[in-house]
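Content type mmCIF, C-alpha atoms, from the file coords.cif:
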data_query
loop_
_atom_site.label_atom_id
_atom_site.label_comp_id
_atom_site.auth_asym_id
_atom_site.auth_seq_id
_atom_site.Cartn_x
_atom_site.Cartn_y
_atom_site.Cartn_z
CA MET A 158 -103.70 -9.21 -61.00
CA GLN A 159 -107.33 -8.13 -60.84
CA GLU A 160 -109.76 -9.28 -63.47
CA ARG A 161 -110.20 -6.62 -66.10
CA PRO A 162 -113.63 -5.22 -66.88
CA PRO A 163 -114.78 -5.96 -70.45
CA ASP A 164 -114.37 -2.33 -71.51
CA PRO A 165 -111.99 0.28 -70.20
CA PRO A 166 -113.81 2.26 -67.51
CA VAL A 167 -115.00 5.65 -68.70
CA PRO A 168 -112.74 8.34 -67.28
CA ALA A 169 -113.75 11.95 -66.66
CA SER A 170 -115.60 13.06 -69.78
CA ASP A 171 -112.94 15.37 -71.18
CA ASP A 172 -110.24 12.73 -70.65
CA ALA A 173 -112.45 10.11 -72.28
CA ARG A 174 -113.08 12.28 -75.31
CA LEU A 175 -109.38 13.07 -75.74
CA VAL A 176 -108.27 9.47 -75.29
CA ALA A 177 -110.87 8.21 -77.77
CA ALA A 178 -109.81 10.84 -80.32
CA LEU A 179 -106.14 10.02 -79.83
CA ARG A 180 -106.79 6.33 -80.29
CA ARG A 181 -108.39 7.23 -83.61
CA GLY A 182 -105.19 9.12 -84.50
CA LYS A 183 -106.65 12.64 -84.34
CA GLU A 184 -103.83 15.15 -84.40
CA GLU A 185 -106.03 17.90 -82.89
CA ALA A 186 -106.44 15.81 -79.75
CA PHE A 187 -102.69 15.39 -79.46
CA LEU A 188 -102.17 19.12 -80.00
CA ALA A 189 -104.73 19.94 -77.33
CA LEU A 190 -102.95 17.69 -74.84
CA VAL A 191 -99.55 19.07 -75.69
CA ARG A 192 -100.76 22.67 -75.36
CA ARG A 193 -102.34 21.83 -72.04
CA HIS A 194 -99.39 20.07 -70.45
CA GLN A 195 -96.18 20.89 -72.30
CA THR A 196 -95.11 23.85 -70.13
CA SER A 197 -95.73 21.99 -66.89
CA MET A 198 -93.97 18.93 -68.24
CA LEU A 199 -90.90 20.95 -69.17
CA ARG A 200 -90.84 22.50 -65.71
CA VAL A 201 -91.17 19.14 -63.98
CA ALA A 202 -88.52 17.53 -66.22
CA SER A 203 -86.16 20.44 -65.56
CA ALA A 204 -86.20 19.59 -61.86
CA PHE A 205 -84.64 16.20 -62.69
CA VAL A 206 -82.07 16.99 -65.34
CA SER A 207 -79.26 19.44 -65.87
CA SER A 208 -80.37 21.56 -68.80
CA ALA A 209 -83.40 22.86 -70.66
CA ALA A 210 -82.28 20.95 -73.77
CA VAL A 211 -82.24 17.63 -71.92
CA ALA A 212 -85.61 18.46 -70.32
CA GLU A 213 -87.06 18.91 -73.81
CA GLU A 214 -85.72 15.51 -74.87
CA VAL A 215 -87.21 13.93 -71.77
CA VAL A 216 -90.61 15.48 -72.47
CA GLN A 217 -90.50 14.26 -76.05
CA GLU A 218 -89.63 10.77 -74.83
CA ALA A 219 -92.58 10.97 -72.42
CA TRP A 220 -95.00 11.94 -75.22
CA LEU A 221 -93.79 8.97 -77.21
CA GLY A 222 -94.42 6.81 -74.14
CA VAL A 223 -97.92 8.31 -73.87
CA LEU A 224 -98.76 7.47 -77.49
CA HIS A 225 -97.39 3.96 -77.29
CA GLY A 226 -99.06 3.32 -73.94
CA LEU A 227 -102.41 4.78 -74.96
CA ASP A 228 -104.20 1.47 -75.34
CA GLY A 229 -103.16 0.54 -71.82
CA PHE A 230 -104.70 3.67 -70.29
CA GLN A 231 -107.57 2.43 -68.17
CA GLY A 232 -108.80 5.66 -66.69
CA ARG A 233 -108.04 4.51 -63.14
CA SER A 234 -106.16 7.76 -62.65
CA SER A 235 -106.80 11.00 -64.46
CA LEU A 236 -105.19 11.36 -67.86
CA ARG A 237 -103.02 14.10 -66.40
CA SER A 238 -101.66 11.90 -63.59
CA TRP A 239 -101.05 9.11 -66.07
CA ILE A 240 -99.10 11.39 -68.44
CA PHE A 241 -97.07 12.88 -65.59
CA GLY A 242 -96.38 9.41 -64.22
CA ILE A 243 -94.79 8.52 -67.56
CA LEU A 244 -92.93 11.82 -67.57
CA THR A 245 -91.48 11.43 -64.08
CA ASN A 246 -90.34 7.89 -64.90
CA CYS A 247 -88.51 9.13 -68.00
CA ALA A 248 -87.10 12.13 -66.11
CA ARG A 249 -85.93 10.05 -63.15
CA SER A 250 -84.07 7.55 -65.31
CA ARG A 251 -82.50 10.33 -67.31
CA GLY A 252 -81.51 12.18 -64.13
CA VAL A 253 -79.91 9.03 -62.71
CA ARG A 254 -77.97 8.42 -65.95
CA GLU A 255 -76.82 12.03 -65.96
CA SER A 256 -75.67 11.99 -62.34
CA ARG A 257 -73.62 8.86 -63.06
CA SER A 258 -71.86 10.46 -65.99
CA ALA A 259 -71.62 14.04 -64.66
CA PRO A 260 -68.41 15.39 -63.14
CA PHE A 261 -68.52 14.79 -59.40
CA SER A 262 -69.03 18.40 -58.36
CA SER A 263 -71.68 19.40 -60.87
CA PHE A 264 -74.60 17.25 -59.85
CA THR A 265 -74.04 16.16 -56.31
CA ALA A 266 -75.11 19.14 -54.25
CA PRO A 267 -75.58 17.82 -50.71
CA GLU A 268 -79.14 17.19 -49.62
CA GLU A 269 -78.18 16.93 -45.96
CA ASP A 270 -76.88 20.29 -45.07
CA GLU A 271 -76.88 23.40 -42.98
CA PRO A 272 -79.59 24.44 -40.49
CA ILE A 273 -82.71 25.74 -42.24
CA VAL A 274 -82.52 29.10 -40.43
CA ASP A 275 -79.19 30.76 -39.72
CA PRO A 276 -78.44 29.88 -36.04
CA SER A 277 -77.25 33.43 -35.40
CA ARG A 278 -80.88 34.57 -35.83
CA PHE A 279 -81.62 32.95 -32.45
CA LEU A 280 -80.43 33.60 -28.91
CA GLY A 281 -78.08 30.95 -27.56
CA ALA A 282 -79.21 27.92 -25.57
CA ASP A 283 -77.47 29.48 -22.56
CA HIS A 284 -79.47 32.71 -22.70
CA PRO A 285 -80.81 33.33 -19.16
CA ARG A 286 -84.38 34.28 -20.16
CA TRP A 287 -85.06 33.43 -23.79
CA PRO A 288 -82.95 30.47 -24.90
CA GLY A 289 -83.55 29.58 -28.55
CA HIS A 290 -85.86 32.51 -29.19
CA TRP A 291 -85.48 35.04 -31.98
CA ALA A 292 -82.56 37.43 -31.64
CA SER A 293 -83.37 38.85 -35.06
CA PRO A 294 -86.99 37.97 -35.94
CA PRO A 295 -88.23 38.03 -39.54
CA GLU A 296 -90.03 41.13 -40.73
CA GLN A 297 -93.34 41.08 -42.51
CA TRP A 298 -93.11 41.21 -46.32
CA ALA A 299 -94.84 44.01 -48.19
CA GLU A 300 -97.82 42.64 -50.13
CA GLU A 301 -97.05 44.73 -53.22
CA LYS A 302 -93.51 43.36 -53.37
CA LEU A 303 -94.76 39.80 -53.00
CA ALA A 304 -97.21 40.32 -55.83
CA ASN A 305 -94.71 41.71 -58.34
CA LYS A 306 -93.17 39.88 -61.28
CA GLU A 307 -89.62 40.27 -59.99
CA THR A 308 -90.45 38.33 -56.82
CA LEU A 309 -92.11 35.61 -58.88
CA GLU A 310 -89.03 35.32 -61.09
CA PHE A 311 -86.79 35.40 -58.03
CA VAL A 312 -88.69 32.53 -56.42
CA ARG A 313 -88.58 30.55 -59.69
CA GLN A 314 -84.83 31.01 -59.85
CA ALA A 315 -84.31 30.15 -56.16
CA ILE A 316 -86.26 26.90 -56.69
CA ALA A 317 -84.19 26.06 -59.78
CA GLU A 318 -80.99 26.43 -57.76
CA LEU A 319 -82.02 23.98 -55.01
CA PRO A 320 -80.41 20.53 -54.81
CA PRO A 321 -82.27 18.18 -57.21
CA ALA A 322 -84.44 16.25 -54.73
CA GLN A 323 -85.61 19.45 -53.00
CA ASN A 324 -86.22 21.10 -56.35
CA GLN A 325 -88.34 18.14 -57.49
CA VAL A 326 -90.49 18.06 -54.38
CA ILE A 327 -91.18 21.81 -54.19
CA THR A 328 -91.82 21.96 -57.95
CA LEU A 329 -94.42 19.21 -57.79
CA ARG A 330 -96.03 20.32 -54.53
CA ASP A 331 -95.98 24.09 -54.57
CA VAL A 332 -95.52 25.07 -58.21
CA GLU A 333 -97.63 22.37 -59.85
CA GLY A 334 -99.99 21.94 -56.89
CA TRP A 335 -99.72 18.12 -56.62
CA THR A 336 -100.85 16.37 -53.45
CA SER A 337 -98.26 14.76 -51.20
CA THR A 338 -99.52 11.31 -52.27
CA GLU A 339 -99.09 12.10 -55.97
CA THR A 340 -95.63 13.54 -55.29
CA CYS A 341 -94.48 10.56 -53.22
CA GLU A 342 -95.66 8.16 -55.92
CA ALA A 343 -93.96 10.08 -58.71
CA LEU A 344 -90.67 10.42 -56.85
CA GLY A 345 -90.66 7.10 -55.01
CA LEU A 346 -90.43 8.82 -51.63
CA SER A 347 -91.96 8.07 -48.26
CA GLU A 348 -94.34 10.73 -46.91
CA ALA A 349 -91.82 11.57 -44.18
CA ASN A 350 -88.91 12.02 -46.59
CA GLN A 351 -91.04 14.07 -48.87
CA ARG A 352 -91.91 16.42 -45.98
CA VAL A 353 -88.27 16.79 -44.96
CA LEU A 354 -87.31 17.72 -48.51
CA LEU A 355 -90.26 20.09 -48.86
CA HIS A 356 -89.40 21.75 -45.57
CA ARG A 357 -85.77 22.28 -46.53
CA ALA A 358 -86.75 23.56 -49.94
CA ARG A 359 -89.33 26.05 -48.65
CA SER A 360 -87.05 27.20 -45.83
CA LYS A 361 -84.20 27.92 -48.21
CA VAL A 362 -86.37 29.74 -50.70
CA ARG A 363 -87.87 31.76 -47.82
CA ALA A 364 -84.40 32.76 -46.67
CA ARG A 365 -83.45 33.83 -50.21
CA VAL A 366 -86.62 35.89 -50.59
CA GLU A 367 -86.01 37.47 -47.19
CA GLN A 368 -82.52 38.50 -48.29
CA SER A 369 -83.86 40.01 -51.47
CA MET A 370 -86.71 41.82 -49.69
CA GLN A 371 -84.16 43.41 -47.39
CA GLY A 372 -82.17 44.51 -50.42
CA GLY A 373 -79.47 41.93 -49.75
CA SER A 374 -77.59 39.97 -52.34
CA GLN A 375 -79.70 38.07 -54.87
CA MET B 189 -89.44 39.93 -27.53
CA THR B 190 -91.28 36.68 -27.15
CA PRO B 191 -93.07 36.15 -23.87
CA GLN B 192 -92.15 32.80 -22.39
CA THR B 193 -95.17 30.54 -22.69
CA ALA B 194 -96.10 27.54 -20.65
CA SER B 195 -95.51 25.37 -23.71
CA ASP B 196 -91.88 26.45 -23.77
CA LEU B 197 -91.36 25.67 -27.42
CA ALA B 198 -88.40 27.79 -28.51
CA CYS B 199 -88.60 29.72 -31.79
CA ARG B 200 -85.60 27.77 -33.01
CA GLU B 201 -87.59 24.54 -32.62
CA LEU B 202 -90.79 25.98 -34.01
CA VAL B 203 -89.25 26.85 -37.39
CA GLN B 204 -88.42 23.14 -37.79
CA LEU B 205 -92.08 22.22 -37.41
CA VAL B 206 -93.64 24.69 -39.81
CA SER B 207 -94.01 22.34 -42.79
CA ASP B 208 -95.36 19.53 -40.61
CA TYR B 209 -97.87 22.04 -39.23
CA LEU B 210 -98.88 23.25 -42.71
CA GLU B 211 -99.16 19.62 -43.88
CA GLY B 212 -101.47 18.88 -40.96
CA VAL B 213 -99.34 16.03 -39.62
CA LEU B 214 -98.37 17.38 -36.21
CA PRO B 215 -99.83 15.27 -33.38
CA ALA B 216 -102.59 17.13 -31.53
CA ALA B 217 -100.47 17.99 -28.48
CA GLU B 218 -97.65 19.41 -30.56
CA ARG B 219 -100.09 21.27 -32.76
CA ASP B 220 -101.61 22.95 -29.69
CA GLN B 221 -98.16 23.90 -28.46
CA PHE B 222 -97.32 25.26 -31.89
CA GLU B 223 -100.49 27.34 -32.07
CA GLN B 224 -100.05 28.67 -28.54
CA HIS B 225 -96.55 29.74 -29.41
CA ILE B 226 -97.64 31.44 -32.65
CA ALA B 227 -100.39 33.30 -30.79
CA SER B 228 -97.88 34.87 -28.42
CA CYS B 229 -94.80 35.28 -30.63
CA PRO B 230 -94.88 37.93 -33.38
CA GLY B 231 -91.59 36.68 -34.88
CA CYS B 232 -92.86 33.13 -35.39
CA ASP B 233 -96.23 34.43 -36.53
CA VAL B 234 -94.46 36.35 -39.31
CA TYR B 235 -92.29 33.33 -40.12
CA LEU B 236 -95.34 31.08 -40.54
CA ARG B 237 -97.08 33.73 -42.64
CA GLN B 238 -94.03 34.02 -44.90
CA MET B 239 -93.96 30.27 -45.50
CA ARG B 240 -97.65 30.38 -46.46
CA GLU B 241 -97.04 33.37 -48.74
CA LEU B 242 -94.18 31.53 -50.39
CA VAL B 243 -96.40 28.54 -51.19
CA ARG B 244 -98.91 30.95 -52.74
CA VAL B 245 -96.25 32.74 -54.82
CA SER B 246 -94.78 29.41 -55.99
CA GLY B 247 -98.22 28.39 -57.24
CA ARG B 248 -98.36 31.52 -59.40
CA ILE B 249 -95.27 30.40 -61.33
CA ALA B 250 -97.35 27.75 -63.11
CA VAL B 251 -100.43 29.91 -63.54
CA GLY B 252 -98.72 32.76 -65.36
CA ALA B 253 -96.58 30.67 -67.70
CA PRO B 254 -97.18 31.05 -71.46
CA GLN B 255 -98.46 28.11 -73.50
CA PRO B 256 -96.11 27.63 -76.44
CA GLU B 257 -97.14 26.02 -79.71
CA PRO B 258 -96.19 22.33 -79.87
CA PRO B 259 -92.67 21.88 -81.28
CA PRO B 260 -92.53 20.49 -84.87
CA GLU B 261 -90.60 17.38 -83.81
CA LEU B 262 -93.55 16.33 -81.65
CA LEU B 263 -95.85 16.60 -84.63
CA ARG B 264 -93.45 14.51 -86.73
CA MET B 265 -93.33 11.95 -83.93
CA PHE B 266 -97.12 11.85 -83.85
CA ALA B 267 -97.29 11.33 -87.64
CA VAL B 268 -94.85 8.40 -87.42
CA TRP B 269 -96.78 6.85 -84.54
CA LYS B 270 -100.05 7.22 -86.45
CA THR B 271 -98.62 5.55 -89.57
CA GLU B 272 -97.16 2.66 -87.54
CA ARG B 273 -100.46 2.22 -85.73
CA ALA B 274 -102.41 2.05 -88.97
CA GLU B 275 -100.16 -0.68 -90.34
#
Show this structure as structure tokens.
Amino acid sequence: MQERPPDPPVPASDDARLVAALRRGKEEAFLALVRRHQTSMLRVASAFVSSAAVAEEVVQEAWLGVLHGLDGFQGRSSLRSWIFGILTNCARSRGVRESRSAPFSSFTAPEEDEPIVDPSRFLGADHPRWPGHWASPPEQWAEEKLANKETLEFVRQAIAELPPAQNQVITLRDVEGWTSTETCEALGLSEANQRVLLHRARSKVRARVEQSMQGGSQ
Amino acid sequence: MTPQTASDLACRELVQLVSDYLEGVLPAAERDQFEQHIASCPGCDVYLRQMRELVRVSGRIAVGAPQPEPPPELLRMFAVWKTERAE
């Protein structure tokens, strides 16, 4: 254990102000934090548990953890990382408890699964000139379609339907914009495992968007 | 149709490497092979672009989300915590 400095180090100014106000019991500071992070926290929690109602309970539990842990916040990480660290701990334990008690089929979608691109999209390994090359290459997506609300909602839904570990990684990395280091720490993953999960997640969502862009089944 | 390049990385293999490429973790030799392939293969070029576009669209999910008012039970929880702390 390293020797502690006499006073907690001063974090980024906004964090410092909020933490100081919270320690004094200022409700406005708590409200400001909740407004700032609640939506993200619900989204992150939802990637770990089975329903929106449970995600709300997890987030509430995390806020309680934040308040009770406040005096231990040293400002070594940003306030945001610290809060989300507490959240992902709560969400992980809840997710584990749920998966133990859930019916076998409902929460055990396989993480090791089919090829990330349909093999029939490629020419066979025995093709005389172009083995393994595209038989049916992807087509460019129209910018206006990509920018519309329906696509956004479609992507959100496709992410929500991924197996839990893939959902968690893509939610933290691509939706919330966390770094790979932050994501690995929060999920207890190695960098390599995190990349495998991210790759599967993105590949599947890409395939779903491709289907929808071509007017296929959604 | 994809012209056969000296690197000989098949499209089927390239799609497996896209995230490693975007994460910047491909070793230099593989990265060069990857980039040479992309430069000469319209199909893989589109595939890579789509993966980048997807990351961008995913990031917009968080940006556009509404900020709801804090639920009343959180405020009650805060009040209890504050009282306990003052004791």
Need the shell around A:Gly289: protein/DNA/RNA residues with any atom at most 12 Å away, counting all atoms listed in the file. Skip same-chain ones fewer than 6 positions apart. Format as a PyMOL selection string? (chain A and resi 274+276-283) or (chain B and resi 189-190+192+196-203)
Please expand the PyMOL selection byres ((chain B) within 7 of (chain A)) into the concrete residues it hits in this file, giving the result as an MDAnalysis selection string. chainID B and resid 198:200 207 231 234:235 239 242:243 245:247 249:250 255:258 262 270
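Atom CA of B:Leu205 sits 19.3 Å away from atom CA of A:Arg365.
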Contacts of A:Leu236 at 12 Å (all atoms listed in the file; same-chain gap of 4+ positions) as an MDAnalysis selection string: chainID A and resid 167:177 190 193:194 223 226:227 229:232 240:243
Under the rule that only C-alpha atoms are counted, which of A:Lys302, A:Leu199, A:Gln351, A:Ala204 is the nearest residue to A:Leu319?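 Ranked by minimum distance to A:Leu319, first place goes to A:Ala204.
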Place N, CA, C and O atoms on stretch 177-197 of chain A and deliver the coordinates as a PDB file, in the frame of the given file.
ATOM      1  N   ALA A 177    -110.205   8.855 -76.627  1.00  0.00           N
ATOM      2  CA  ALA A 177    -110.870   8.210 -77.770  1.00  0.00           C
ATOM      3  C   ALA A 177    -110.377   8.825 -79.075  1.00  0.00           C
ATOM      4  O   ALA A 177    -110.081   8.114 -80.043  1.00  0.00           O
ATOM      5  N   ALA A 178    -110.260  10.165 -79.101  1.00  0.00           N
ATOM      6  CA  ALA A 178    -109.810  10.840 -80.320  1.00  0.00           C
ATOM      7  C   ALA A 178    -108.358  10.467 -80.644  1.00  0.00           C
ATOM      8  O   ALA A 178    -108.011  10.231 -81.800  1.00  0.00           O
ATOM      9  N   LEU A 179    -107.543  10.399 -79.613  1.00  0.00           N
ATOM     10  CA  LEU A 179    -106.140  10.020 -79.830  1.00  0.00           C
ATOM     11  C   LEU A 179    -106.027   8.606 -80.375  1.00  0.00           C
ATOM     12  O   LEU A 179    -105.248   8.339 -81.289  1.00  0.00           O
ATOM     13  N   ARG A 180    -106.825   7.725 -79.816  1.00  0.00           N
ATOM     14  CA  ARG A 180    -106.790   6.330 -80.290  1.00  0.00           C
ATOM     15  C   ARG A 180    -107.194   6.243 -81.756  1.00  0.00           C
ATOM     16  O   ARG A 180    -106.791   5.335 -82.470  1.00  0.00           O
ATOM     17  N   ARG A 181    -108.015   7.206 -82.182  1.00  0.00           N
ATOM     18  CA  ARG A 181    -108.390   7.230 -83.610  1.00  0.00           C
ATOM     19  C   ARG A 181    -107.356   7.982 -84.446  1.00  0.00           C
ATOM     20  O   ARG A 181    -107.545   8.173 -85.638  1.00  0.00           O
ATOM     21  N   GLY A 182    -106.276   8.454 -83.767  1.00  0.00           N
ATOM     22  CA  GLY A 182    -105.190   9.120 -84.500  1.00  0.00           C
ATOM     23  C   GLY A 182    -105.458  10.579 -84.827  1.00  0.00           C
ATOM     24  O   GLY A 182    -104.884  11.130 -85.769  1.00  0.00           O
ATOM     25  N   LYS A 183    -106.336  11.238 -84.062  1.00  0.00           N
ATOM     26  CA  LYS A 183    -106.650  12.640 -84.340  1.00  0.00           C
ATOM     27  C   LYS A 183    -105.543  13.567 -83.829  1.00  0.00           C
ATOM     28  O   LYS A 183    -105.300  13.643 -82.618  1.00  0.00           O
ATOM     29  N   GLU A 184    -104.933  14.264 -84.772  1.00  0.00           N
ATOM     30  CA  GLU A 184    -103.830  15.150 -84.400  1.00  0.00           C
ATOM     31  C   GLU A 184    -104.310  16.296 -83.487  1.00  0.00           C
ATOM     32  O   GLU A 184    -103.584  16.712 -82.582  1.00  0.00           O
ATOM     33  N   GLU A 185    -105.531  16.791 -83.703  1.00  0.00           N
ATOM     34  CA  GLU A 185    -106.030  17.900 -82.890  1.00  0.00           C
ATOM     35  C   GLU A 185    -106.049  17.517 -81.400  1.00  0.00           C
ATOM     36  O   GLU A 185    -105.798  18.345 -80.529  1.00  0.00           O
ATOM     37  N   ALA A 186    -106.381  16.259 -81.150  1.00  0.00           N
ATOM     38  CA  ALA A 186    -106.440  15.810 -79.750  1.00  0.00           C
ATOM     39  C   ALA A 186    -105.036  15.822 -79.142  1.00  0.00           C
ATOM     40  O   ALA A 186    -104.844  16.229 -77.990  1.00  0.00           O
ATOM     41  N   PHE A 187    -104.076  15.379 -79.938  1.00  0.00           N
ATOM     42  CA  PHE A 187    -102.690  15.390 -79.460  1.00  0.00           C
ATOM     43  C   PHE A 187    -102.236  16.822 -79.212  1.00  0.00           C
ATOM     44  O   PHE A 187    -101.657  17.135 -78.159  1.00  0.00           O
ATOM     45  N   LEU A 188    -102.553  17.714 -80.166  1.00  0.00           N
ATOM     46  CA  LEU A 188    -102.170  19.120 -80.000  1.00  0.00           C
ATOM     47  C   LEU A 188    -102.795  19.727 -78.751  1.00  0.00           C
ATOM     48  O   LEU A 188    -102.149  20.466 -78.016  1.00  0.00           O
ATOM     49  N   ALA A 189    -104.042  19.389 -78.512  1.00  0.00           N
ATOM     50  CA  ALA A 189    -104.730  19.940 -77.330  1.00  0.00           C
ATOM     51  C   ALA A 189    -104.029  19.485 -76.054  1.00  0.00           C
ATOM     52  O   ALA A 189    -103.818  20.280 -75.125  1.00  0.00           O
ATOM     53  N   LEU A 190    -103.649  18.211 -76.028  1.00  0.00           N
ATOM     54  CA  LEU A 190    -102.950  17.690 -74.840  1.00  0.00           C
ATOM     55  C   LEU A 190    -101.593  18.339 -74.662  1.00  0.00           C
ATOM     56  O   LEU A 190    -101.206  18.689 -73.548  1.00  0.00           O
ATOM     57  N   VAL A 191    -100.882  18.471 -75.772  1.00  0.00           N
ATOM     58  CA  VAL A 191     -99.550  19.070 -75.690  1.00  0.00           C
ATOM     59  C   VAL A 191     -99.666  20.518 -75.216  1.00  0.00           C
ATOM     60  O   VAL A 191     -98.945  20.944 -74.308  1.00  0.00           O
ATOM     61  N   ARG A 192    -100.598  21.264 -75.791  1.00  0.00           N
ATOM     62  CA  ARG A 192    -100.760  22.670 -75.360  1.00  0.00           C
ATOM     63  C   ARG A 192    -101.099  22.737 -73.878  1.00  0.00           C
ATOM     64  O   ARG A 192    -100.633  23.594 -73.154  1.00  0.00           O
ATOM     65  N   ARG A 193    -101.885  21.805 -73.431  1.00  0.00           N
ATOM     66  CA  ARG A 193    -102.340  21.830 -72.040  1.00  0.00           C
ATOM     67  C   ARG A 193    -101.207  21.515 -71.066  1.00  0.00           C
ATOM     68  O   ARG A 193    -101.125  22.106 -70.001  1.00  0.00           O
ATOM     69  N   HIS A 194    -100.355  20.581 -71.436  1.00  0.00           N
ATOM     70  CA  HIS A 194     -99.390  20.070 -70.450  1.00  0.00           C
ATOM     71  C   HIS A 194     -97.927  20.375 -70.712  1.00  0.00           C
ATOM     72  O   HIS A 194     -97.101  20.187 -69.825  1.00  0.00           O
ATOM     73  N   GLN A 195     -97.587  20.798 -71.921  1.00  0.00           N
ATOM     74  CA  GLN A 195     -96.180  20.890 -72.300  1.00  0.00           C
ATOM     75  C   GLN A 195     -95.358  21.766 -71.327  1.00  0.00           C
ATOM     76  O   GLN A 195     -94.273  21.380 -70.902  1.00  0.00           O
ATOM     77  N   THR A 196     -95.886  22.943 -70.982  1.00  0.00           N
ATOM     78  CA  THR A 196     -95.110  23.850 -70.130  1.00  0.00           C
ATOM     79  C   THR A 196     -94.849  23.248 -68.761  1.00  0.00           C
ATOM     80  O   THR A 196     -93.731  23.285 -68.245  1.00  0.00           O
ATOM     81  N   SER A 197     -95.889  22.657 -68.188  1.00  0.00           N
ATOM     82  CA  SER A 197     -95.730  21.990 -66.890  1.00  0.00           C
ATOM     83  C   SER A 197     -94.750  20.834 -66.989  1.00  0.00           C
ATOM     84  O   SER A 197     -93.922  20.625 -66.096  1.00  0.00           O
TER      85      SER A 197
END
